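Undergrad: What follows is the file protein.txt, containing compact mmCIF, C-alpha atoms and all ligand atoms:
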# COMPACT_ATOMS: atom_id res chain seq x y z
CA MET O 1 0.00 0.00 0.00
CA SER O 2 1.48 3.36 -1.02
CA SER O 3 1.61 6.47 1.14
CA VAL O 4 -0.94 9.29 0.99
CA GLY O 5 1.40 11.55 -0.95
CA ASP O 6 1.91 9.00 -3.76
CA THR O 7 -1.50 9.29 -5.34
CA LEU O 8 -3.13 12.36 -3.95
CA ASP O 9 -0.87 15.10 -5.25
CA GLY O 10 -1.01 16.63 -1.82
CA ALA O 11 -4.75 17.32 -2.20
CA ILE O 12 -5.53 15.73 1.15
CA VAL O 13 -4.17 17.29 4.32
CA PRO O 14 -2.97 14.29 6.39
CA GLY O 15 -3.78 15.90 9.76
CA LYS O 16 -7.39 16.65 8.79
CA VAL O 17 -8.58 13.27 7.56
CA PRO O 18 -12.13 12.61 8.84
CA ALA O 19 -12.06 9.96 11.55
CA HIS O 20 -15.42 8.56 10.46
CA VAL O 21 -16.81 8.47 6.93
CA ALA O 22 -20.26 7.00 6.30
CA ILE O 23 -21.49 6.16 2.81
CA ILE O 24 -24.93 5.55 1.32
CA MET O 25 -23.89 3.39 -1.63
CA ASP O 26 -26.69 4.08 -4.06
CA GLY O 27 -27.20 3.48 -7.76
CA ASN O 28 -26.26 -0.16 -8.35
CA GLY O 29 -29.66 -0.93 -9.88
CA ARG O 30 -29.58 2.05 -12.24
CA TRP O 31 -26.01 1.24 -13.25
CA ALA O 32 -27.19 -2.21 -14.36
CA GLN O 33 -30.41 -0.97 -15.98
CA GLN O 34 -28.47 1.58 -18.06
CA ARG O 35 -26.55 -1.35 -19.52
CA GLY O 36 -29.55 -3.64 -19.99
CA LEU O 37 -28.23 -5.94 -17.27
CA PRO O 38 -30.08 -7.51 -14.34
CA ARG O 39 -29.99 -5.39 -11.15
CA GLN O 40 -27.89 -8.05 -9.43
CA GLN O 41 -25.08 -7.29 -11.85
CA GLY O 42 -25.04 -3.74 -10.47
CA HIS O 43 -24.59 -5.11 -6.96
CA TRP O 44 -21.68 -7.30 -8.13
CA GLU O 45 -20.08 -4.23 -9.64
CA GLY O 46 -20.86 -2.34 -6.43
CA VAL O 47 -18.70 -4.79 -4.50
CA LYS O 48 -15.70 -3.69 -6.56
CA SER O 49 -16.36 -0.13 -5.37
CA VAL O 50 -16.62 -1.38 -1.79
CA ARG O 51 -13.15 -2.90 -2.19
CA ARG O 52 -11.69 0.23 -3.84
CA ILE O 53 -13.11 2.67 -1.32
CA THR O 54 -12.28 0.50 1.69
CA GLU O 55 -8.68 0.36 0.58
CA ALA O 56 -8.60 4.08 -0.21
CA ALA O 57 -10.12 5.03 3.16
CA CYS O 58 -7.64 2.83 4.99
CA ARG O 59 -4.76 4.28 3.01
CA ILE O 60 -5.44 7.87 4.02
CA GLY O 61 -6.08 7.02 7.67
CA VAL O 62 -9.87 7.02 8.03
CA ARG O 63 -10.49 5.24 11.35
CA TYR O 64 -14.13 4.21 10.80
CA LEU O 65 -15.81 3.57 7.45
CA THR O 66 -19.53 2.83 7.69
CA LEU O 67 -21.31 1.44 4.63
CA TYR O 68 -25.09 1.26 4.28
CA ALA O 69 -25.17 -2.19 2.73
CA PHE O 70 -28.74 -3.36 3.45
CA SER O 71 -31.56 -1.40 5.05
CA THR O 72 -34.51 -2.85 6.95
CA GLU O 73 -36.62 -1.59 4.02
CA ASN O 74 -34.49 -3.57 1.53
CA TRP O 75 -36.21 -6.76 2.76
CA GLY O 76 -39.17 -5.55 0.66
CA ARG O 77 -37.22 -5.99 -2.62
CA PRO O 78 -37.94 -8.94 -4.93
CA LYS O 79 -36.95 -12.26 -3.36
CA GLU O 80 -34.32 -12.95 -6.03
CA GLU O 81 -32.60 -9.61 -5.43
CA VAL O 82 -32.54 -10.07 -1.65
CA SER O 83 -31.12 -13.53 -2.07
CA ALA O 84 -28.51 -12.29 -4.58
CA LEU O 85 -27.45 -9.59 -2.10
CA MET O 86 -27.12 -12.18 0.66
CA SER O 87 -24.98 -14.49 -1.50
CA LEU O 88 -22.90 -11.51 -2.47
CA LEU O 89 -22.35 -10.60 1.15
CA VAL O 90 -21.26 -14.14 2.01
CA SER O 91 -18.83 -14.39 -0.90
CA CYS O 92 -17.54 -10.88 -0.27
CA LEU O 93 -16.78 -11.69 3.38
CA HIS O 94 -14.78 -14.69 2.20
CA ASP O 95 -13.05 -13.10 -0.80
CA GLU O 96 -12.11 -9.87 0.96
CA MET O 97 -10.59 -11.50 4.04
CA PRO O 98 -7.00 -11.00 2.70
CA LEU O 99 -7.81 -7.28 2.20
CA PHE O 100 -9.08 -7.05 5.79
CA MET O 101 -6.16 -8.94 7.29
CA ASP O 102 -3.41 -7.31 5.19
CA ASN O 103 -4.68 -3.84 6.05
CA GLY O 104 -5.57 -4.29 9.71
CA ILE O 105 -9.28 -3.86 9.05
CA ARG O 106 -11.75 -4.90 11.71
CA LEU O 107 -15.21 -5.79 10.51
CA ARG O 108 -18.20 -4.59 12.53
CA VAL O 109 -21.93 -4.85 11.98
CA ILE O 110 -24.70 -2.49 13.01
CA GLY O 111 -28.26 -3.68 12.48
CA GLN O 112 -30.18 -6.85 13.15
CA PRO O 113 -27.92 -9.76 12.11
CA ASP O 114 -30.24 -12.23 13.85
CA VAL O 115 -32.78 -11.86 11.02
CA PHE O 116 -30.35 -13.26 8.45
CA LEU O 117 -30.32 -16.85 7.25
CA PRO O 118 -27.99 -19.14 9.22
CA GLU O 119 -25.37 -19.30 6.43
CA VAL O 120 -25.17 -15.50 6.34
CA ARG O 121 -24.92 -15.32 10.13
CA THR O 122 -22.21 -17.95 10.17
CA ALA O 123 -20.16 -16.07 7.56
CA LEU O 124 -20.65 -12.81 9.44
CA ASP O 125 -19.74 -14.27 12.82
CA ALA O 126 -16.61 -15.88 11.36
CA ALA O 127 -15.50 -12.61 9.72
CA LEU O 128 -16.19 -10.61 12.89
CA GLU O 129 -14.17 -13.06 14.93
CA GLN O 130 -11.31 -13.36 12.45
CA THR O 131 -10.82 -9.60 12.21
CA ALA O 132 -11.48 -8.78 15.88
CA GLY O 133 -7.78 -8.18 16.61
CA ASN O 134 -7.31 -5.66 13.78
CA SER O 135 -7.15 -2.01 14.78
CA ARG O 136 -6.14 0.19 11.85
CA MET O 137 -9.65 0.80 10.51
CA ASP O 138 -13.11 -0.44 11.44
CA LEU O 139 -15.25 -1.31 8.42
CA VAL O 140 -18.77 -1.03 9.75
CA LEU O 141 -21.46 -2.70 7.67
CA ALA O 142 -24.99 -1.47 8.28
CA LEU O 143 -26.97 -4.64 7.67
CA SER O 144 -30.69 -4.82 8.13
CA TYR O 145 -30.21 -1.39 9.65
CA SER O 146 -32.42 1.64 9.79
CA SER O 147 -32.20 4.61 12.08
CA ARG O 148 -35.79 4.31 13.24
CA TRP O 149 -35.18 0.67 14.13
CA GLU O 150 -32.05 1.66 16.07
CA LEU O 151 -33.77 4.52 17.92
CA THR O 152 -36.77 2.36 18.74
CA GLU O 153 -34.47 -0.34 20.16
CA ALA O 154 -32.55 2.28 22.13
CA MET O 155 -35.75 3.63 23.66
CA ARG O 156 -36.99 0.17 24.52
CA SER O 157 -33.71 -0.68 26.18
CA ALA O 158 -33.52 2.58 28.12
CA ALA O 159 -37.14 2.20 29.26
CA ARG O 160 -36.35 -1.31 30.47
CA ASP O 161 -33.33 -0.05 32.42
CA ALA O 162 -35.36 2.81 33.90
CA LYS O 163 -38.05 0.35 34.96
CA ALA O 164 -35.42 -1.91 36.53
CA GLY O 165 -33.96 1.08 38.38
CA SER O 166 -30.53 1.10 36.69
CA LEU O 167 -31.21 4.29 34.71
CA ASP O 168 -32.48 7.53 36.18
CA PRO O 169 -34.65 9.26 33.52
CA GLU O 170 -33.53 12.62 34.91
CA HIS O 171 -29.94 11.76 34.01
CA ILE O 172 -30.60 11.00 30.35
CA ASP O 173 -28.53 13.29 28.17
CA ALA O 174 -26.97 12.99 24.69
CA SER O 175 -24.09 10.85 25.95
CA VAL O 176 -26.52 8.43 27.61
CA VAL O 177 -28.53 8.19 24.38
CA ASN O 178 -25.29 7.45 22.50
CA ARG O 179 -24.62 4.51 24.80
CA TYR O 180 -27.89 2.88 23.75
CA LEU O 181 -27.22 3.16 20.02
CA ALA O 182 -25.75 0.45 17.80
CA THR O 183 -22.96 2.92 17.00
CA SER O 184 -21.89 3.46 20.63
CA PHE O 185 -18.37 2.16 19.92
CA MET O 186 -17.46 4.94 17.47
CA PRO O 187 -17.67 8.69 17.06
CA ASP O 188 -20.33 10.33 14.90
CA PRO O 189 -19.56 10.51 11.17
CA ASP O 190 -17.56 13.57 10.18
CA LEU O 191 -18.55 13.10 6.57
CA LEU O 192 -21.56 11.40 4.97
CA ILE O 193 -21.33 10.64 1.25
CA ARG O 194 -24.29 9.62 -0.90
CA THR O 195 -23.84 8.52 -4.49
CA SER O 196 -26.36 8.43 -7.37
CA GLY O 197 -27.74 11.96 -7.26
CA GLU O 198 -30.44 11.38 -4.64
CA TYR O 199 -30.63 14.08 -1.97
CA ARG O 200 -31.97 12.16 0.99
CA ILE O 201 -30.77 10.30 4.05
CA SER O 202 -32.99 7.19 3.75
CA ASN O 203 -33.26 6.33 7.42
CA PHE O 204 -29.46 6.20 7.94
CA LEU O 205 -27.74 7.36 11.17
CA LEU O 206 -30.29 10.13 11.78
CA TRP O 207 -29.12 10.91 15.31
CA GLN O 208 -25.42 10.54 14.48
CA ILE O 209 -25.29 12.91 11.48
CA ALA O 210 -26.51 15.95 13.42
CA TYR O 211 -23.25 17.78 12.63
CA SER O 212 -21.82 15.65 9.83
CA GLU O 213 -20.75 17.31 6.61
CA LEU O 214 -22.82 16.03 3.70
CA PHE O 215 -21.44 15.25 0.25
CA PHE O 216 -23.74 14.28 -2.61
CA THR O 217 -22.50 13.12 -5.99
CA PRO O 218 -24.48 12.14 -9.11
CA VAL O 219 -22.04 9.28 -9.77
CA LEU O 220 -23.59 5.82 -9.40
CA TRP O 221 -21.91 3.66 -6.75
CA PRO O 222 -20.29 1.17 -9.19
CA ASP O 223 -18.62 4.13 -10.96
CA PHE O 224 -17.38 5.75 -7.74
CA THR O 225 -13.57 5.75 -7.89
CA GLU O 226 -10.78 6.32 -5.38
CA GLU O 227 -10.14 9.69 -6.99
CA MET O 228 -13.77 10.70 -6.43
CA PHE O 229 -13.52 9.55 -2.83
CA TYR O 230 -10.35 11.57 -2.33
CA ALA O 231 -12.06 14.59 -3.93
CA ALA O 232 -14.91 14.25 -1.41
CA ILE O 233 -12.36 14.17 1.41
CA ALA O 234 -10.54 17.21 0.02
CA ASP O 235 -13.89 19.03 -0.24
CA TYR O 236 -14.65 18.11 3.38
CA GLN O 237 -11.29 19.48 4.46
CA LYS O 238 -12.22 22.90 3.08
CA ARG O 239 -15.41 23.13 5.14
CA ASP O 240 -15.68 25.28 8.23
CA ARG O 241 -17.23 23.03 10.87
CA ARG O 242 -18.83 25.13 13.55
CA PHE O 243 -21.04 22.64 15.43
CA GLY O 244 -23.57 25.41 16.01
CA LYS O 245 -20.94 27.74 17.43
CA VAL O 246 -18.79 30.35 15.71
CA SER O 247 -15.59 29.89 13.69
CA GLY O 248 -12.55 29.04 15.78
CA SER O 249 -14.42 27.28 18.58
CA ASN O 250 -14.99 23.95 16.75
CA GLN O 251 -15.84 21.12 19.01
CA SER O 252 -17.69 17.88 18.39
CA LYS O 253 -19.58 15.87 20.99
C1 LIG C 1 -28.25 0.64 -3.50
O1 LIG C 1 -28.38 0.53 -4.88
C2 LIG C 1 -27.41 -0.42 -2.99
C3 LIG C 1 -27.86 -1.41 -2.18
C4 LIG C 1 -29.24 -1.54 -1.70
C5 LIG C 1 -26.98 -2.45 -1.72
C6 LIG C 1 -25.56 -2.07 -1.57
C7 LIG C 1 -24.81 -3.29 -1.71
C8 LIG C 1 -23.60 -3.41 -2.30
C9 LIG C 1 -22.78 -2.28 -2.78
C10 LIG C 1 -23.01 -4.73 -2.52
C11 LIG C 1 -22.92 -5.56 -1.30
C12 LIG C 1 -22.19 -4.90 -0.21
C13 LIG C 1 -21.34 -5.51 0.57
C14 LIG C 1 -20.71 -4.77 1.69
C15 LIG C 1 -20.95 -6.91 0.36
P1 LIG C 1 -29.84 0.37 -5.46
O2 LIG C 1 -30.06 -1.08 -5.74
O3 LIG C 1 -30.85 0.98 -4.55
O4 LIG C 1 -29.71 1.17 -6.79
P2 LIG C 1 -30.87 1.99 -7.52
O5 LIG C 1 -31.29 3.09 -6.59
O6 LIG C 1 -30.19 2.49 -8.75
O7 LIG C 1 -31.97 1.02 -7.80
Rewrite the structure of this file - the entire thing - as structure tokens.
TA:
Amino acid sequence: MSSVGDTLDGAIVPGKVPAHVAIIMDGNGRWAQQRGLPRQQGHWEGVKSVRRITEAACRIGVRYLTLYAFSTENWGRPKEEVSALMSLLVSCLHDEMPLFMDNGIRLRVIGQPDVFLPEVRTALDAALEQTAGNSRMDLVLALSYSSRWELTEAMRSAARDAKAGSLDPEHIDASVVNRYLATSFMPDPDLLIRTSGEYRISNFLLWQIAYSELFFTPVLWPDFTEEMFYAAIADYQKRDRRFGKVSGSNQSK
């Protein structure tokens, strides 16, 4: 793996790399349709982008990369597409293991893995276990995830704890809410990227993106290159993040 300077022409400031980048990988279906191919083909091509961007993020020192791979709403897609996505996930976990291990990438999952078929669960559990000792970058897959699901679960859990007496409702603040979220192990995203020209958040990390910088590109996910990713990072680095305050007093949670 080459150094940052090798390929970026100094466009990225090493000290200002976002710690957490989240991506809504959209446009696989349209990419396939534009070529008269079945939608599944777009997902296969999308995996190549996952590989490219994972490697690129790791190379520049992103600490957490969260990918919206399958939403709770995606279960409503045609059976064949859901099953193709599941097979793709299983083969990807297997095929990309050298990438994870060579680059110190730890795999994480946010969402409801228990709703997956046993073979998917087994592959996920194995990959989580195999990469658990890696610490250079966490690749967080949002699988059967939606923000409303996550917030509902968090509220249920907090209500249970309050009822049991281990949580005082008067002491609930933002940091307590964070502890009940699936994302409690990482900071909020600094940058959220969405491909494919749609300007919406689609039930993704609604609480966590309160102060994230947003980057939308018309490029479909299978066409999203390392260079485009680096350009998004460079664009982020030019932003003035104020977190509701005034310039010069930047401070996240
Ligand atoms: C959105 O495109 C993409 C998805 C619903 C799935 C994303 C999955 C992958 C990139 C491949 C599998 C990922 C991993 C991590 C193995 P869309 O189908 O909604 O595209 P469209 O809006 O053009 O129809």
Undergrad: What's the 9 Å shell around O:Phe100, counting only C-alpha atoms, without same-chain residues fewer than 5 positions away, as a VMD selection string?
TA: chain O and resid 105 to 107 131 134 139
Undergrad: Would you mind exporting the chosen residues as a short mmCIF file (atom, residue, chain, number, x, y, z; two decimals), keeping the file's coordinate frame, restricted to C-alpha atoms?
TA:
data_model
loop_
_atom_site.label_atom_id
_atom_site.label_comp_id
_atom_site.auth_asym_id
_atom_site.auth_seq_id
_atom_site.Cartn_x
_atom_site.Cartn_y
_atom_site.Cartn_z
CA ILE O 105 -9.28 -3.86 9.05
CA ARG O 106 -11.75 -4.90 11.71
CA LEU O 107 -15.21 -5.79 10.51
CA THR O 131 -10.82 -9.60 12.21
CA ASN O 134 -7.31 -5.66 13.78
CA LEU O 139 -15.25 -1.31 8.42
#
Undergrad: Could you work out how far atom CA of O:Ala142 lies from atom CA of O:Ala57, giving the answer in Å with one decimal?
TA: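 So the two atoms, atom CA of O:Ala57 and atom CA of O:Ala142, lie 17.0 Å apart.
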Undergrad: Dump the neighbourhood of ligand LIG 1 (chain C) as a PyMOL selection string: all residues within 10 Å, distances computed on all atoms listed in the file.
TA: chain O and resi 24-34+39-51+54+66-71+73-75+77+81-82+84-93+96+139-143+195-198+220-222
Undergrad: Using all atoms listed in the file, which of the listed residues (O:Arg160, O:Arg239, O:Arg148, O:Arg179) sits closest to O:Leu206?
TA: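 With all atoms listed in the file as the atom set, the closest residue is O:Arg148.
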Undergrad: Please provide as a VMD selection string all residues within 8 Å of O:Pro18, with the sequence filter that same-chain residues fewer than 3 positions apart are discarded (counting all atoms listed in the file).
TA: chain O and resid 21 62 to 63 190 to 191 233
Undergrad: Measuring atom to atom with only C-alpha atoms, identify which of O:Gly15, O:Pro118, O:Pro187, O:Pro98 is nearest to O:Glu55.
TA: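 For O:Glu55, the nearest of the given residues is O:Pro98.
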Undergrad: Just to confirm, what's the straight-line distance from atom CA of O:Pro189 to atom CA of O:Pro113 in Å (one decimal)?
TA: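 For atom CA of O:Pro189 relative to atom CA of O:Pro113, the distance reads 21.9 Å.
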Undergrad: So how many Å separate atom CA of O:Asp138 and atom CA of O:Pro14, to one decimal?
TA: 18.6 Å
Undergrad: For O:Tyr230, which of O:Asn103, O:Tyr211, O:Ser157, O:Ile193 is the closest residue, counting only C-alpha atoms?
TA: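 Looking only at the distances to O:Tyr230, the closest residue turns out to be O:Ile193.
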Undergrad: Using all atoms listed in the file for the distances, tell me which of O:Glu170, O:Ala162, O:Gly61, O:Asp102 is nearest to O:Ala19.
TA: O:Gly61
Undergrad: Box for stretch 172-181 of chain O - axis-aligned, 5 Å on each of the six sides, all listed atoms - centre and size in Å to one decimal, as AutoDock Vina command-line options.
TA:
--center_x -27.3 --center_y 8.1 --center_z 25.2 --size_x 16.5 --size_y 20.4 --size_z 20.3
Undergrad: Using all atoms listed in the file, pick whichever of O:Val115, O:Ala158, O:Leu128, O:Ile172 has the shortest atom-to-atom distance to O:Ser144.
TA: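 Nearest candidate to O:Ser144 out of O:Val115, O:Ala158, O:Leu128, O:Ile172: O:Val115.
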Undergrad: Determine the nearest neighbour of O:Gln208 from the options O:Arg52, O:Val246, O:Ser147, O:Thr152, counting all atoms listed in the file.
TA: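 Nearest to O:Gln208: O:Ser147.
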Undergrad: Take stretch 152-171 of chain O, bring it up to N, CA, C and O atoms, and give me the output as a PDB file, in the coordinates of the input.
TA:
ATOM      1  N   THR O 152     -35.696   3.071  18.037  1.00  0.00           N
ATOM      2  CA  THR O 152     -36.770   2.360  18.740  1.00  0.00           C
ATOM      3  C   THR O 152     -36.171   1.368  19.740  1.00  0.00           C
ATOM      4  O   THR O 152     -36.597   1.276  20.903  1.00  0.00           O
ATOM      5  N   GLU O 153     -35.152   0.630  19.272  1.00  0.00           N
ATOM      6  CA  GLU O 153     -34.470  -0.340  20.160  1.00  0.00           C
ATOM      7  C   GLU O 153     -33.842   0.378  21.349  1.00  0.00           C
ATOM      8  O   GLU O 153     -33.905  -0.103  22.481  1.00  0.00           O
ATOM      9  N   ALA O 154     -33.223   1.522  21.067  1.00  0.00           N
ATOM     10  CA  ALA O 154     -32.550   2.280  22.130  1.00  0.00           C
ATOM     11  C   ALA O 154     -33.569   2.711  23.180  1.00  0.00           C
ATOM     12  O   ALA O 154     -33.330   2.601  24.387  1.00  0.00           O
ATOM     13  N   MET O 155     -34.724   3.180  22.704  1.00  0.00           N
ATOM     14  CA  MET O 155     -35.750   3.630  23.660  1.00  0.00           C
ATOM     15  C   MET O 155     -36.287   2.470  24.477  1.00  0.00           C
ATOM     16  O   MET O 155     -36.495   2.589  25.683  1.00  0.00           O
ATOM     17  N   ARG O 156     -36.479   1.352  23.794  1.00  0.00           N
ATOM     18  CA  ARG O 156     -36.990   0.170  24.520  1.00  0.00           C
ATOM     19  C   ARG O 156     -36.010  -0.233  25.615  1.00  0.00           C
ATOM     20  O   ARG O 156     -36.390  -0.509  26.756  1.00  0.00           O
ATOM     21  N   SER O 157     -34.750  -0.274  25.244  1.00  0.00           N
ATOM     22  CA  SER O 157     -33.710  -0.680  26.180  1.00  0.00           C
ATOM     23  C   SER O 157     -33.597   0.286  27.359  1.00  0.00           C
ATOM     24  O   SER O 157     -33.481  -0.135  28.523  1.00  0.00           O
ATOM     25  N   ALA O 158     -33.627   1.580  27.056  1.00  0.00           N
ATOM     26  CA  ALA O 158     -33.520   2.580  28.120  1.00  0.00           C
ATOM     27  C   ALA O 158     -34.743   2.500  29.037  1.00  0.00           C
ATOM     28  O   ALA O 158     -34.616   2.588  30.263  1.00  0.00           O
ATOM     29  N   ALA O 159     -35.911   2.292  28.449  1.00  0.00           N
ATOM     30  CA  ALA O 159     -37.140   2.200  29.260  1.00  0.00           C
ATOM     31  C   ALA O 159     -37.066   0.995  30.184  1.00  0.00           C
ATOM     32  O   ALA O 159     -37.455   1.063  31.359  1.00  0.00           O
ATOM     33  N   ARG O 160     -36.518  -0.105  29.632  1.00  0.00           N
ATOM     34  CA  ARG O 160     -36.350  -1.310  30.470  1.00  0.00           C
ATOM     35  C   ARG O 160     -35.437  -1.021  31.651  1.00  0.00           C
ATOM     36  O   ARG O 160     -35.729  -1.401  32.785  1.00  0.00           O
ATOM     37  N   ASP O 161     -34.299  -0.353  31.364  1.00  0.00           N
ATOM     38  CA  ASP O 161     -33.330  -0.050  32.420  1.00  0.00           C
ATOM     39  C   ASP O 161     -33.937   0.906  33.458  1.00  0.00           C
ATOM     40  O   ASP O 161     -33.685   0.779  34.661  1.00  0.00           O
ATOM     41  N   ALA O 162     -34.728   1.856  32.968  1.00  0.00           N
ATOM     42  CA  ALA O 162     -35.360   2.810  33.900  1.00  0.00           C
ATOM     43  C   ALA O 162     -36.333   2.053  34.803  1.00  0.00           C
ATOM     44  O   ALA O 162     -36.387   2.274  36.019  1.00  0.00           O
ATOM     45  N   LYS O 163     -37.073   1.137  34.189  1.00  0.00           N
ATOM     46  CA  LYS O 163     -38.050   0.350  34.960  1.00  0.00           C
ATOM     47  C   LYS O 163     -37.345  -0.511  36.008  1.00  0.00           C
ATOM     48  O   LYS O 163     -37.802  -0.661  37.136  1.00  0.00           O
ATOM     49  N   ALA O 164     -36.169  -1.041  35.607  1.00  0.00           N
ATOM     50  CA  ALA O 164     -35.420  -1.910  36.530  1.00  0.00           C
ATOM     51  C   ALA O 164     -34.652  -1.095  37.573  1.00  0.00           C
ATOM     52  O   ALA O 164     -34.044  -1.653  38.481  1.00  0.00           O
ATOM     53  N   GLY O 165     -34.614   0.227  37.382  1.00  0.00           N
ATOM     54  CA  GLY O 165     -33.960   1.080  38.380  1.00  0.00           C
ATOM     55  C   GLY O 165     -32.495   1.364  38.084  1.00  0.00           C
ATOM     56  O   GLY O 165     -31.820   2.034  38.871  1.00  0.00           O
ATOM     57  N   SER O 166     -31.952   0.859  36.963  1.00  0.00           N
ATOM     58  CA  SER O 166     -30.530   1.100  36.690  1.00  0.00           C
ATOM     59  C   SER O 166     -30.295   2.365  35.865  1.00  0.00           C
ATOM     60  O   SER O 166     -29.158   2.731  35.586  1.00  0.00           O
ATOM     61  N   LEU O 167     -31.362   3.030  35.458  1.00  0.00           N
ATOM     62  CA  LEU O 167     -31.210   4.290  34.710  1.00  0.00           C
ATOM     63  C   LEU O 167     -32.198   5.307  35.276  1.00  0.00           C
ATOM     64  O   LEU O 167     -33.404   5.039  35.352  1.00  0.00           O
ATOM     65  N   ASP O 168     -31.632   6.454  35.668  1.00  0.00           N
ATOM     66  CA  ASP O 168     -32.480   7.530  36.180  1.00  0.00           C
ATOM     67  C   ASP O 168     -32.907   8.409  34.996  1.00  0.00           C
ATOM     68  O   ASP O 168     -32.050   9.033  34.364  1.00  0.00           O
ATOM     69  N   PRO O 169     -34.209   8.462  34.670  1.00  0.00           N
ATOM     70  CA  PRO O 169     -34.650   9.260  33.520  1.00  0.00           C
ATOM     71  C   PRO O 169     -34.162  10.698  33.573  1.00  0.00           C
ATOM     72  O   PRO O 169     -33.899  11.309  32.541  1.00  0.00           O
ATOM     73  N   GLU O 170     -33.990  11.224  34.788  1.00  0.00           N
ATOM     74  CA  GLU O 170     -33.530  12.620  34.910  1.00  0.00           C
ATOM     75  C   GLU O 170     -32.075  12.781  34.459  1.00  0.00           C
ATOM     76  O   GLU O 170     -31.619  13.880  34.209  1.00  0.00           O
ATOM     77  N   HIS O 171     -31.357  11.680  34.388  1.00  0.00           N
ATOM     78  CA  HIS O 171     -29.940  11.760  34.010  1.00  0.00           C
ATOM     79  C   HIS O 171     -29.705  11.436  32.542  1.00  0.00           C
ATOM     80  O   HIS O 171     -28.570  11.269  32.110  1.00  0.00           O
TER      81      HIS O 171
END
